[in-house]
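Asks: Handing over coords_25.txt, compact mmCIF, C-alpha atoms.
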# COMPACT_ATOMS: atom_id res chain seq x y z
CA MET G 1 0.00 0.00 0.00
CA PRO G 2 1.50 3.36 -0.90
CA GLU G 3 2.42 5.71 1.91
CA SER G 4 0.47 8.95 2.27
CA GLY G 5 0.50 11.88 4.66
CA VAL G 6 3.62 12.15 6.79
CA SER G 7 6.54 10.24 5.32
CA ARG G 8 9.30 8.60 7.30
CA ALA G 9 11.70 11.35 6.28
CA GLN G 10 9.45 13.91 7.94
CA GLN G 11 9.38 12.14 11.30
CA ILE G 12 11.41 13.35 14.26
CA ARG G 13 13.69 11.03 16.14
CA THR G 14 15.49 12.32 19.20
CA THR G 15 17.54 10.87 22.02
CA ASP G 16 17.39 13.84 24.37
CA THR G 17 15.09 16.75 25.15
CA THR G 18 15.82 18.59 21.89
CA GLU G 19 13.82 17.71 18.80
CA THR G 20 15.72 18.03 15.54
CA PRO G 21 13.57 18.03 12.42
CA ALA G 22 14.51 15.85 9.51
CA ALA G 23 14.99 17.37 6.10
CA PRO G 24 11.77 17.51 4.10
CA HIS G 25 13.02 15.15 1.40
CA GLY G 26 15.24 12.79 3.35
CA GLY G 27 18.43 14.89 3.44
CA ALA G 28 20.55 15.80 6.42
CA PRO G 29 18.81 17.05 9.57
CA LEU G 30 18.00 20.72 9.49
CA PRO G 31 20.02 22.84 11.91
CA GLY G 32 18.52 25.00 14.63
CA ARG G 33 14.84 25.22 15.45
CA ALA G 34 12.09 23.39 13.60
CA THR G 35 10.51 25.17 10.68
CA PRO G 36 6.78 25.98 10.89
CA ALA G 37 6.06 23.14 8.45
CA ALA G 38 8.01 20.68 10.59
CA ARG G 39 6.19 21.86 13.71
CA ARG G 40 2.84 21.42 11.96
CA THR G 41 3.90 17.92 10.91
CA GLY G 42 4.77 17.05 14.49
CA LEU G 43 1.46 18.44 15.74
CA LEU G 44 -0.46 16.52 13.10
CA VAL G 45 1.18 13.23 14.04
CA THR G 46 0.55 13.96 17.70
CA LEU G 47 -3.14 14.56 17.06
CA VAL G 48 -3.50 11.40 14.97
CA LEU G 49 -1.74 9.25 17.59
CA GLY G 50 -3.77 10.95 20.29
CA GLY G 51 -6.94 10.00 18.46
CA LEU G 52 -5.82 6.37 18.25
CA THR G 53 -5.04 6.22 21.96
CA ALA G 54 -8.33 7.99 22.73
CA LEU G 55 -10.42 5.37 20.93
CA PRO G 56 -10.28 2.72 23.72
CA PRO G 57 -11.48 5.11 26.48
CA LEU G 58 -14.16 6.34 24.09
CA SER G 59 -15.27 2.76 23.48
CA MET G 60 -15.35 2.01 27.20
CA ASP G 61 -16.40 5.26 28.85
CA MET G 62 -19.22 6.43 26.59
CA TYR G 63 -20.87 3.13 27.41
CA LEU G 64 -20.48 3.36 31.21
CA PRO G 65 -23.52 5.53 32.01
CA ALA G 66 -25.64 3.06 30.02
CA LEU G 67 -24.68 -0.08 31.97
CA PRO G 68 -27.75 -0.02 34.24
CA ALA G 69 -29.95 0.70 31.20
CA VAL G 70 -28.41 -2.23 29.29
CA THR G 71 -29.13 -4.45 32.28
CA ASP G 72 -32.83 -3.51 32.12
CA SER G 73 -33.09 -3.55 28.32
CA LEU G 74 -31.56 -6.97 27.81
CA HIS G 75 -33.01 -8.45 31.02
CA ALA G 76 -29.55 -9.55 32.15
CA PRO G 77 -27.92 -9.39 35.60
CA ALA G 78 -25.33 -6.71 36.30
CA SER G 79 -22.53 -9.29 36.43
CA THR G 80 -23.40 -10.43 32.90
CA VAL G 81 -23.55 -6.91 31.53
CA GLN G 82 -20.15 -6.17 33.11
CA LEU G 83 -18.84 -8.99 30.91
CA THR G 84 -19.37 -6.67 27.94
CA LEU G 85 -16.54 -4.59 29.43
CA THR G 86 -14.47 -7.67 30.15
CA ALA G 87 -14.97 -8.96 26.60
CA CYS G 88 -13.83 -5.66 25.09
CA LEU G 89 -10.77 -5.60 27.35
CA THR G 90 -9.93 -9.22 26.56
CA GLY G 91 -10.21 -8.51 22.85
CA MET G 92 -7.91 -5.52 23.17
CA ALA G 93 -5.39 -7.67 25.02
CA LEU G 94 -5.40 -10.57 22.53
CA GLY G 95 -5.50 -8.27 19.53
CA GLN G 96 -2.36 -6.46 20.60
CA ILE G 97 -0.33 -9.65 20.90
CA VAL G 98 -1.18 -10.37 17.25
CA VAL G 99 -1.02 -6.86 15.76
CA GLY G 100 2.23 -5.86 17.48
CA PRO G 101 4.44 -8.45 15.73
CA MET G 102 2.51 -7.87 12.50
CA SER G 103 3.49 -4.20 12.62
CA ASP G 104 7.14 -5.14 13.16
CA ARG G 105 7.00 -7.30 10.02
CA TRP G 106 4.71 -5.37 7.63
CA GLY G 107 5.02 -1.84 8.95
CA ARG G 108 2.65 0.22 11.05
CA ARG G 109 0.21 1.51 8.43
CA ARG G 110 -1.41 -1.57 6.85
CA PRO G 111 -2.24 -3.48 10.08
CA LEU G 112 -3.61 -0.26 11.57
CA LEU G 113 -5.98 0.43 8.67
CA LEU G 114 -7.21 -3.17 8.66
CA GLY G 115 -7.87 -3.08 12.39
CA MET G 116 -9.75 0.20 12.15
CA ALA G 117 -11.99 -1.14 9.39
CA VAL G 118 -12.95 -4.22 11.43
CA TYR G 119 -13.53 -2.01 14.49
CA VAL G 120 -16.05 0.07 12.58
CA LEU G 121 -17.91 -3.02 11.36
CA ALA G 122 -18.05 -4.68 14.79
CA THR G 123 -19.20 -1.49 16.50
CA ALA G 124 -21.98 -1.02 13.94
CA ILE G 125 -23.20 -4.56 14.62
CA CYS G 126 -23.31 -3.81 18.38
CA VAL G 127 -26.04 -1.27 17.63
CA PHE G 128 -28.40 -4.12 16.73
CA ALA G 129 -27.34 -6.77 19.28
CA PRO G 130 -30.59 -8.39 20.53
CA SER G 131 -29.14 -10.13 23.59
CA ALA G 132 -26.39 -9.81 26.15
CA GLY G 133 -24.61 -12.84 24.69
CA LEU G 134 -24.37 -11.35 21.20
CA LEU G 135 -23.38 -7.96 22.61
CA ILE G 136 -20.55 -9.63 24.54
CA ALA G 137 -19.41 -11.45 21.37
CA PHE G 138 -19.29 -8.31 19.24
CA ARG G 139 -17.66 -6.30 22.01
CA LEU G 140 -14.92 -8.96 21.94
CA ILE G 141 -14.47 -8.43 18.19
CA GLN G 142 -14.56 -4.66 18.71
CA GLY G 143 -11.74 -4.99 21.21
CA LEU G 144 -9.70 -7.31 18.99
CA ALA G 145 -9.84 -4.80 16.14
CA GLY G 146 -9.46 -1.68 18.28
CA ALA G 147 -6.23 -3.11 19.69
CA ALA G 148 -4.46 -2.04 16.50
CA GLY G 149 -4.73 1.63 17.40
CA ILE G 150 -3.37 1.08 20.91
CA VAL G 151 -0.35 -1.04 20.10
CA ILE G 152 0.67 0.70 16.89
CA SER G 153 0.44 4.21 18.33
CA ARG G 154 2.95 3.24 21.03
CA ALA G 155 5.20 1.60 18.44
CA VAL G 156 5.09 4.74 16.29
CA VAL G 157 6.18 6.81 19.29
CA ARG G 158 9.10 4.41 19.79
CA ASP G 159 9.97 4.74 16.09
CA MET G 160 10.13 8.51 16.41
CA TYR G 161 11.53 9.21 19.87
CA ASP G 162 13.92 7.94 22.54
CA GLY G 163 14.89 8.71 26.11
CA VAL G 164 13.40 11.68 27.94
CA ALA G 165 11.70 12.94 24.77
CA MET G 166 9.73 9.71 24.57
CA ALA G 167 8.53 10.11 28.15
CA ARG G 168 7.43 13.65 27.37
CA PHE G 169 5.61 12.53 24.24
CA PHE G 170 3.73 9.88 26.22
CA SER G 171 2.64 12.60 28.65
CA THR G 172 1.46 14.69 25.69
CA LEU G 173 -0.53 11.73 24.38
CA MET G 174 -2.03 11.39 27.84
CA LEU G 175 -3.26 14.98 27.59
CA ILE G 176 -4.93 14.30 24.23
CA SER G 177 -6.28 10.85 25.03
CA GLY G 178 -7.27 12.09 28.48
CA VAL G 179 -9.84 14.37 26.90
CA ALA G 180 -11.72 11.25 25.78
CA PRO G 181 -12.61 9.96 29.25
CA VAL G 182 -13.52 13.51 30.26
CA ILE G 183 -16.06 13.99 27.49
CA ALA G 184 -17.03 10.38 26.78
CA PRO G 185 -19.32 9.79 29.80
CA VAL G 186 -20.80 13.25 29.31
CA ILE G 187 -21.54 12.42 25.67
CA GLY G 188 -22.88 9.05 26.72
CA GLY G 189 -25.16 10.63 29.29
CA GLN G 190 -26.47 13.16 26.77
CA VAL G 191 -26.98 10.46 24.12
CA LEU G 192 -29.11 8.59 26.67
CA ARG G 193 -31.33 11.69 26.91
CA LEU G 194 -32.06 11.45 23.18
CA THR G 195 -32.08 7.72 22.58
CA ASP G 196 -31.20 4.44 24.29
CA TRP G 197 -27.85 2.71 24.80
CA ARG G 198 -27.77 1.55 21.18
CA GLY G 199 -27.33 5.16 20.10
CA ILE G 200 -24.00 5.21 21.93
CA PHE G 201 -22.68 2.49 19.64
CA ALA G 202 -23.98 4.42 16.64
CA VAL G 203 -21.92 7.42 17.74
CA LEU G 204 -18.86 5.19 18.26
CA THR G 205 -19.31 3.83 14.74
CA ALA G 206 -19.22 7.36 13.33
CA VAL G 207 -16.10 8.17 15.38
CA GLY G 208 -14.43 5.02 14.08
CA VAL G 209 -15.18 5.93 10.47
CA LEU G 210 -13.80 9.44 10.95
CA LEU G 211 -10.62 8.23 12.64
CA THR G 212 -10.05 5.61 9.93
CA LEU G 213 -10.21 8.30 7.26
CA VAL G 214 -7.82 10.53 9.23
CA VAL G 215 -5.31 7.69 9.59
CA TRP G 216 -5.56 6.82 5.89
CA LYS G 217 -5.07 10.43 4.87
CA TRP G 218 -2.44 11.74 7.28
CA LEU G 219 -0.52 9.02 9.12
CA GLY G 220 2.43 7.81 7.04
CA GLU G 221 4.66 4.81 7.57
CA THR G 222 7.24 5.21 10.35
CA LEU G 223 9.00 1.85 10.07
CA PRO G 224 11.05 1.59 6.85
CA PRO G 225 11.42 -1.83 5.16
CA ALA G 226 15.09 -2.08 6.16
CA GLU G 227 14.13 -2.11 9.86
CA ARG G 228 11.30 -4.64 9.65
CA HIS G 229 11.49 -8.20 10.91
CA THR G 230 11.20 -10.81 8.18
CA GLY G 231 10.61 -13.88 10.35
CA GLY G 232 7.31 -15.63 10.95
CA ILE G 233 5.41 -16.58 14.07
CA GLY G 234 8.38 -18.43 15.51
CA ASP G 235 10.60 -15.39 15.22
CA ALA G 236 7.94 -13.21 16.86
CA LEU G 237 7.61 -15.64 19.75
CA ARG G 238 11.38 -15.75 20.22
CA THR G 239 11.47 -11.96 20.27
CA MET G 240 8.78 -11.82 22.93
CA ARG G 241 10.49 -14.51 24.96
CA GLY G 242 13.67 -12.48 24.88
CA LEU G 243 11.79 -9.38 26.04
CA LEU G 244 10.19 -11.27 28.92
CA ALA G 245 13.61 -12.60 29.93
CA ASP G 246 14.62 -9.00 30.65
CA ARG G 247 13.80 -8.72 34.37
CA VAL G 248 13.59 -4.94 34.35
CA PHE G 249 11.34 -4.77 31.26
CA THR G 250 9.05 -7.39 32.77
CA GLY G 251 9.00 -5.51 36.06
CA TYR G 252 7.84 -2.30 34.39
CA MET G 253 5.32 -4.26 32.34
CA ILE G 254 3.72 -5.98 35.34
CA ALA G 255 3.81 -2.87 37.53
CA GLY G 256 2.10 -0.83 34.82
CA SER G 257 -0.45 -3.58 34.22
CA LEU G 258 -1.40 -3.84 37.88
CA ALA G 259 -1.74 -0.06 38.10
CA PHE G 260 -3.98 -0.19 35.03
CA ALA G 261 -6.06 -2.93 36.72
CA ALA G 262 -6.58 -0.66 39.74
CA LEU G 263 -7.75 2.04 37.35
CA PHE G 264 -10.07 -0.30 35.51
CA ALA G 265 -11.53 -1.60 38.76
CA TYR G 266 -12.76 1.96 39.17
CA VAL G 267 -13.93 2.18 35.55
CA SER G 268 -15.90 -1.06 35.81
CA ALA G 269 -17.41 -0.54 39.26
CA SER G 270 -18.01 3.21 39.39
CA PRO G 271 -21.28 3.27 37.35
CA PHE G 272 -22.91 0.98 39.91
CA VAL G 273 -21.11 2.38 42.97
CA ILE G 274 -21.92 6.01 42.21
CA GLN G 275 -25.37 5.56 40.66
CA GLU G 276 -26.80 2.54 42.48
CA ILE G 277 -25.15 2.73 45.92
CA TYR G 278 -24.88 6.50 46.32
CA GLY G 279 -27.93 7.42 44.23
CA ALA G 280 -26.30 9.76 41.71
CA SER G 281 -27.84 10.39 38.29
CA PRO G 282 -26.09 9.38 35.05
CA GLN G 283 -25.25 13.04 34.48
CA THR G 284 -23.71 13.38 37.98
CA PHE G 285 -21.71 10.22 37.38
CA SER G 286 -20.49 11.62 34.07
CA LEU G 287 -19.46 14.87 35.79
CA LEU G 288 -17.51 13.06 38.52
CA PHE G 289 -15.87 10.79 35.99
CA GLY G 290 -14.84 13.80 33.96
CA ILE G 291 -13.37 15.55 37.02
CA ASN G 292 -11.31 12.47 37.83
CA SER G 293 -10.05 12.32 34.27
CA ILE G 294 -9.07 15.99 34.43
CA GLY G 295 -7.00 15.16 37.51
CA LEU G 296 -5.21 12.44 35.57
CA ILE G 297 -4.54 14.87 32.70
CA ILE G 298 -3.17 17.58 34.97
CA VAL G 299 -0.81 15.24 36.80
CA GLY G 300 0.26 13.72 33.49
CA GLN G 301 1.18 17.17 32.21
CA ILE G 302 3.04 18.00 35.43
CA ASN G 303 4.98 14.80 34.82
CA GLY G 304 5.76 15.60 31.19
CA LYS G 305 6.37 19.34 31.41
CA LEU G 306 7.91 19.78 34.87
CA LEU G 307 9.25 16.49 36.22
CA VAL G 308 10.71 14.73 33.18
CA GLY G 309 14.27 15.94 32.69
CA ARG G 310 14.47 17.24 36.27
CA VAL G 311 13.47 14.17 38.27
CA SER G 312 14.30 10.61 37.26
CA LEU G 313 11.41 8.66 35.77
CA ASP G 314 11.77 6.04 38.48
CA LYS G 315 11.36 8.61 41.26
CA ALA G 316 8.23 10.01 39.64
CA LEU G 317 6.91 6.48 39.16
CA THR G 318 7.59 5.59 42.80
CA CYS G 319 5.69 8.67 43.97
CA GLY G 320 2.72 7.80 41.77
CA LEU G 321 2.51 4.19 42.97
CA VAL G 322 2.78 5.19 46.64
CA VAL G 323 -0.07 7.69 46.25
CA ILE G 324 -2.21 5.07 44.48
CA VAL G 325 -1.67 2.63 47.35
CA ALA G 326 -2.55 5.29 49.92
CA ALA G 327 -5.72 6.23 48.03
CA ALA G 328 -6.76 2.57 47.77
CA VAL G 329 -6.27 2.10 51.54
CA SER G 330 -8.44 5.14 52.26
CA LEU G 331 -11.15 3.91 49.89
CA LEU G 332 -11.22 0.51 51.57
CA LEU G 333 -11.60 2.12 54.99
CA MET G 334 -14.40 4.40 53.77
CA THR G 335 -16.40 1.81 51.83
CA SER G 336 -16.13 -0.83 54.58
CA GLY G 337 -17.88 1.45 57.09
CA VAL G 338 -14.95 2.12 59.40
CA PHE G 339 -15.89 5.82 59.43
CA GLY G 340 -19.63 5.18 59.33
CA ASP G 341 -21.96 6.30 56.54
CA ILE G 342 -19.82 9.00 54.94
CA GLY G 343 -21.71 9.59 51.70
CA LEU G 344 -20.52 10.17 48.15
CA VAL G 345 -18.20 13.17 48.51
CA PRO G 346 -15.34 11.51 50.50
CA VAL G 347 -15.44 8.43 48.27
CA ALA G 348 -15.36 10.63 45.17
CA ALA G 349 -12.36 12.48 46.63
CA GLY G 350 -10.48 9.20 47.19
CA LEU G 351 -11.22 8.11 43.63
CA PHE G 352 -10.00 11.49 42.36
CA VAL G 353 -6.63 11.07 44.11
CA LEU G 354 -6.25 7.50 42.83
CA MET G 355 -7.07 8.47 39.25
CA SER G 356 -4.83 11.54 39.31
CA ALA G 357 -1.81 9.55 40.46
CA MET G 358 -2.17 7.39 37.35
CA GLY G 359 -0.70 10.40 35.51
CA LEU G 360 2.64 9.55 37.13
CA ALA G 361 2.38 5.77 36.88
CA MET G 362 1.18 5.00 33.35
CA PRO G 363 3.40 7.16 31.08
CA ASN G 364 6.56 6.40 33.05
CA THR G 365 6.12 2.62 33.10
CA ASN G 366 5.52 2.63 29.33
CA ALA G 367 8.47 4.92 28.63
CA GLN G 368 10.92 3.01 30.84
CA ALA G 369 9.89 -0.33 29.36
CA LEU G 370 10.06 0.83 25.73
CA MET G 371 13.47 2.44 26.23
CA ARG G 372 14.85 -1.08 26.54
CA THR G 373 13.28 -2.35 23.28
CA LYS G 374 14.52 -0.20 20.41
CA HIS G 375 14.58 -2.98 17.79
CA ALA G 376 11.26 -4.68 18.69
CA ALA G 377 8.92 -1.78 19.49
CA GLY G 378 5.83 -3.47 18.07
CA SER G 379 6.33 -6.70 20.01
CA ALA G 380 7.22 -4.80 23.20
CA SER G 381 4.17 -2.58 22.83
CA ALA G 382 2.04 -5.68 22.29
CA LEU G 383 3.32 -7.27 25.50
CA LEU G 384 2.72 -4.08 27.45
CA GLY G 385 -0.81 -3.68 26.14
CA THR G 386 -1.74 -7.35 26.37
CA SER G 387 -0.58 -7.55 29.97
CA GLN G 388 -2.50 -4.40 30.90
CA PHE G 389 -5.76 -5.45 29.31
CA LEU G 390 -5.65 -9.08 30.44
CA ILE G 391 -5.07 -8.13 34.06
CA GLY G 392 -7.70 -5.42 33.72
CA ALA G 393 -10.14 -7.97 32.29
CA ILE G 394 -9.53 -10.25 35.27
CA ALA G 395 -10.06 -7.40 37.73
CA SER G 396 -13.28 -6.19 36.08
CA PRO G 397 -15.71 -8.95 37.17
CA LEU G 398 -14.17 -9.18 40.64
CA VAL G 399 -15.45 -5.74 41.60
CA GLY G 400 -19.05 -7.01 41.41
CA ILE G 401 -18.49 -10.31 43.17
CA ALA G 402 -20.48 -9.25 46.26
CA GLY G 403 -23.37 -7.74 44.31
CA GLU G 404 -24.46 -4.17 43.69
CA ALA G 405 -25.01 -3.13 47.32
CA THR G 406 -21.39 -2.65 48.41
CA ALA G 407 -18.28 -0.92 47.06
CA VAL G 408 -15.87 -2.94 49.21
CA PRO G 409 -14.87 -5.36 46.40
CA MET G 410 -13.84 -2.40 44.23
CA ALA G 411 -11.62 -1.02 46.98
CA VAL G 412 -10.13 -4.44 47.75
CA VAL G 413 -9.24 -5.06 44.10
CA GLN G 414 -7.71 -1.60 43.83
CA LEU G 415 -5.60 -2.07 46.96
CA VAL G 416 -4.35 -5.53 45.95
CA CYS G 417 -3.43 -4.32 42.47
CA ALA G 418 -1.78 -1.10 43.67
CA ALA G 419 0.26 -2.85 46.36
CA GLY G 420 1.26 -5.53 43.85
CA ALA G 421 2.37 -2.87 41.36
CA LEU G 422 4.57 -1.15 43.94
CA ALA G 423 6.07 -4.43 45.16
CA CYS G 424 6.77 -5.61 41.61
CA PHE G 425 8.38 -2.31 40.65
CA LEU G 426 10.66 -2.30 43.69
CA GLY G 427 11.48 -6.01 43.54
CA MET G 428 12.10 -6.40 39.81
CA CYS G 429 13.09 -2.96 38.51
CA ARG G 430 15.21 -2.09 41.56
CA PRO G 431 15.18 1.67 40.92
CA TRP G 432 18.02 2.26 43.37
CA GLU G 433 20.35 0.52 40.93
CA VAL G 434 21.66 3.18 38.52
CA SER G 435 20.90 2.32 34.90
CA PRO G 436 21.96 4.27 31.82
CA ARG G 437 18.50 3.69 30.36
CA SER G 438 16.67 5.52 33.14
Starting from the coordinates I provided, produce the structure as structure tokens.
Replies:
Amino acid sequence: MPESGVSRAQQIRTTDTTETPAAPHGGAPLPGRATPAARRTGLLVTLVLGGLTALPPLSMDMYLPALPAVTDSLHAPASTVQLTLTACLTGMALGQIVVGPMSDRWGRRRPLLLGMAVYVLATAICVFAPSAGLLIAFRLIQGLAGAAGIVISRAVVRDMYDGVAMARFFSTLMLISGVAPVIAPVIGGQVLRLTDWRGIFAVLTAVGVLLTLVVWKWLGETLPPAERHTGGIGDALRTMRGLLADRVFTGYMIAGSLAFAALFAYVSASPFVIQEIYGASPQTFSLLFGINSIGLIIVGQINGKLLVGRVSLDKALTCGLVVIVAAAVSLLLMTSGVFGDIGLVPVAAGLFVLMSAMGLAMPNTNAQALMRTKHAAGSASALLGTSQFLIGAIASPLVGIAGEATAVPMAVVQLVCAAGALACFLGMCRPWEVSPRS
């Protein structure tokens, strides 16, 4: 497939905090500051990658205010309807493990376009799902296809950047993709005013079509043929085995995945906790969810703009994980009745702190892990994403194990995951050991 949009020669690769633009037609790097055209190119790529990373939270979070309505519409128990989230997460996990190596072999562009096309088709079919079982099945396919955007966007960042600049770019992506969870529940709540939950999938279908066209038009190939892997499945498996044999890479991968599971325990349980237990409306839930997402965005930008380059990534990551553990402890104490009937506000405050601290944990685990995998970015990104979504999929149904009348399971899952993330990071990554990669 011919390349269009931003060519490889127009991409920026940097190993420090200074971005040096490439020559427009593949010549020597241009000296001094980037030209306006080069800056526009960088902004365009950032927006496209941001859209790709925003698609998963759009797919998940627009749907959250509708979970109770889906339960009533399809006459299914809450635990079954929560499996529609688990199915989507599982699909995103399995899809990444396939698409990542594909992108290392055939480039980033073709697997991405194929995945986006299937995502659009599966999402459109969800609009007409007559039962919970069929909705779960098509949410699985939606996740499998949507995985292409997640894994390939990270691989493209690794193609373009290195070192501190990569950490900063991940924080920038968090700003863009963080807008999605802010507006997604609000959009979902407003769509429910006009139509039922099926209308949410219709909106997601339109978003998928638009993003597919944007990718086709403006995202060029970032992995030249000379740098692609030519082996088959066996070679891909050997590459992944070698990555997993790296103790530090695996430590960052598991720590980031457990932190993500703590986040998704909130995502999965909060519609029922806030609306059913504390009596909030779908619009109030959407507002609180948006506020929490804004906290994550702000902390992510503090990480990228102020901390990166001044504080080591491991120190920032340690701070984030410690705060997440502390927030999870406080939530467990509040939801278990230790302080009596405290109402929604203190619980919402604890969730805000937990979500905000993810702005230190998620970009830094991804950046530190990918710094160790220059020549297998697609496979490394696949392992990172697969681990995150599989552990998140396991955590999702556990939050409802005691029914809809208590939030204690959510807090327990969050605390176990957060404590496990901190222990894994300290035990496997050993941040006190100086490493040239950190």
Asks: Counting all atoms listed in the file, give me one row per residue of segment 72-164 of chain G with an atom at most 12 Å from an atom of segment 54-59 of chain G, showing the shortest contact pair and its distance in Å to one decimal, sorted by chain then residue number, as a tab-separated table.
Replies:
residue	atom	partner	partner_atom	distance
G:Thr84	CA	G:Ser59	CA	11.2
G:Leu85	CA	G:Ser59	CA	9.5
G:Cys88	CA	G:Ser59	CA	8.7
G:Leu89	CA	G:Pro56	CA	9.1
G:Gly91	CA	G:Pro56	CA	11.3
G:Met92	CA	G:Pro56	CA	8.6
G:Ala93	CA	G:Pro56	CA	11.6
G:Met116	CA	G:Leu55	CA	10.2
G:Tyr119	CA	G:Leu55	CA	10.3
G:Val120	CA	G:Ser59	CA	11.3
G:Ala122	CA	G:Ser59	CA	11.8
G:Thr123	CA	G:Ser59	CA	9.1
G:Cys126	CA	G:Ser59	CA	11.6
G:Arg139	CA	G:Ser59	CA	9.5
G:Leu140	CA	G:Ser59	CA	11.8
G:Gln142	CA	G:Ser59	CA	8.8
G:Gly143	CA	G:Pro56	CA	8.2
G:Leu144	CA	G:Pro56	CA	11.1
G:Ala145	CA	G:Pro56	CA	10.7
G:Gly146	CA	G:Pro56	CA	7.0
G:Ala147	CA	G:Pro56	CA	8.2
G:Ala148	CA	G:Pro56	CA	10.4
G:Gly149	CA	G:Leu55	CA	7.7
G:Ile150	CA	G:Pro56	CA	7.6
G:Val151	CA	G:Pro56	CA	11.2
G:Ser153	CA	G:Ala54	CA	10.5
Asks: Box time for segment 234-251 of chain G: axis-aligned, enclosing all its listed atoms, 8 Å extra on each side; report centre and edge lengths in Å to one decimal, as lines of an AutoDock Vina configuration file.
Replies:
center_x = 11.1
center_y = -11.6
center_z = 25.6
size_x = 23.0
size_y = 29.7
size_z = 36.8
Asks: Neighbours of Thr212 of chain G within 9 Å (only C-alpha atoms; same-chain residues fewer than 5 positions away dropped), as a ChimeraX atom specification?
Replies: /G:112-113,116-117,120,207,217
Asks: How about saving the chosen residues, C-alpha atoms kept, as a PDB file, in the frame of the given file?
Replies:
ATOM      1  CA  LEU G 112      -3.610  -0.260  11.570  1.00  0.00           C
ATOM      2  CA  LEU G 113      -5.980   0.430   8.670  1.00  0.00           C
ATOM      3  CA  MET G 116      -9.750   0.200  12.150  1.00  0.00           C
ATOM      4  CA  ALA G 117     -11.990  -1.140   9.390  1.00  0.00           C
ATOM      5  CA  VAL G 120     -16.050   0.070  12.580  1.00  0.00           C
ATOM      6  CA  VAL G 207     -16.100   8.170  15.380  1.00  0.00           C
ATOM      7  CA  LYS G 217      -5.070  10.430   4.870  1.00  0.00           C
TER       8      LYS G 217
END
Asks: Considering only C-alpha atoms, return as a PDB file with C-alpha atoms, keeping the file's coordinate frame whatever protein or nucleic-acid residues lie within 7 Å of Ala421 of chain G, sequence-local ones (same chain, fewer than 4 positions apart) excluded.
Replies:
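Saved file around.pdb follows:
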ATOM      1  CA  ILE G 254       3.720  -5.980  35.340  1.00  0.00           C
ATOM      2  CA  ALA G 255       3.810  -2.870  37.530  1.00  0.00           C
ATOM      3  CA  GLY G 256       2.100  -0.830  34.820  1.00  0.00           C
ATOM      4  CA  LEU G 258      -1.400  -3.840  37.880  1.00  0.00           C
ATOM      5  CA  ALA G 259      -1.740  -0.060  38.100  1.00  0.00           C
ATOM      6  CA  CYS G 417      -3.430  -4.320  42.470  1.00  0.00           C
ATOM      7  CA  PHE G 425       8.380  -2.310  40.650  1.00  0.00           C
TER       8      PHE G 425
END
Asks: Please provide as a PyMOL selection string all residues within 9 Å of segment 239-245 of chain G, with the sequence filter that same-chain residues fewer than 4 positions apart are discarded (counting all atoms listed in the file).
Replies: chain G and resi 234-235+249-250+372-373+376+379-380+383
Asks: Could you tell me how far atom CA of Arg105 of chain G lies from atom CA of Asp159 of chain G, in Å and to one decimal?
Replies: 13.8 Å
Asks: Just give me the gap between atom CA of Ala129 of chain G and atom CA of Ile200 of chain G in Å, one decimal is fine.
Replies: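 Between atom CA of Ala129 of chain G and atom CA of Ile200 of chain G the gap works out to 12.7 Å.
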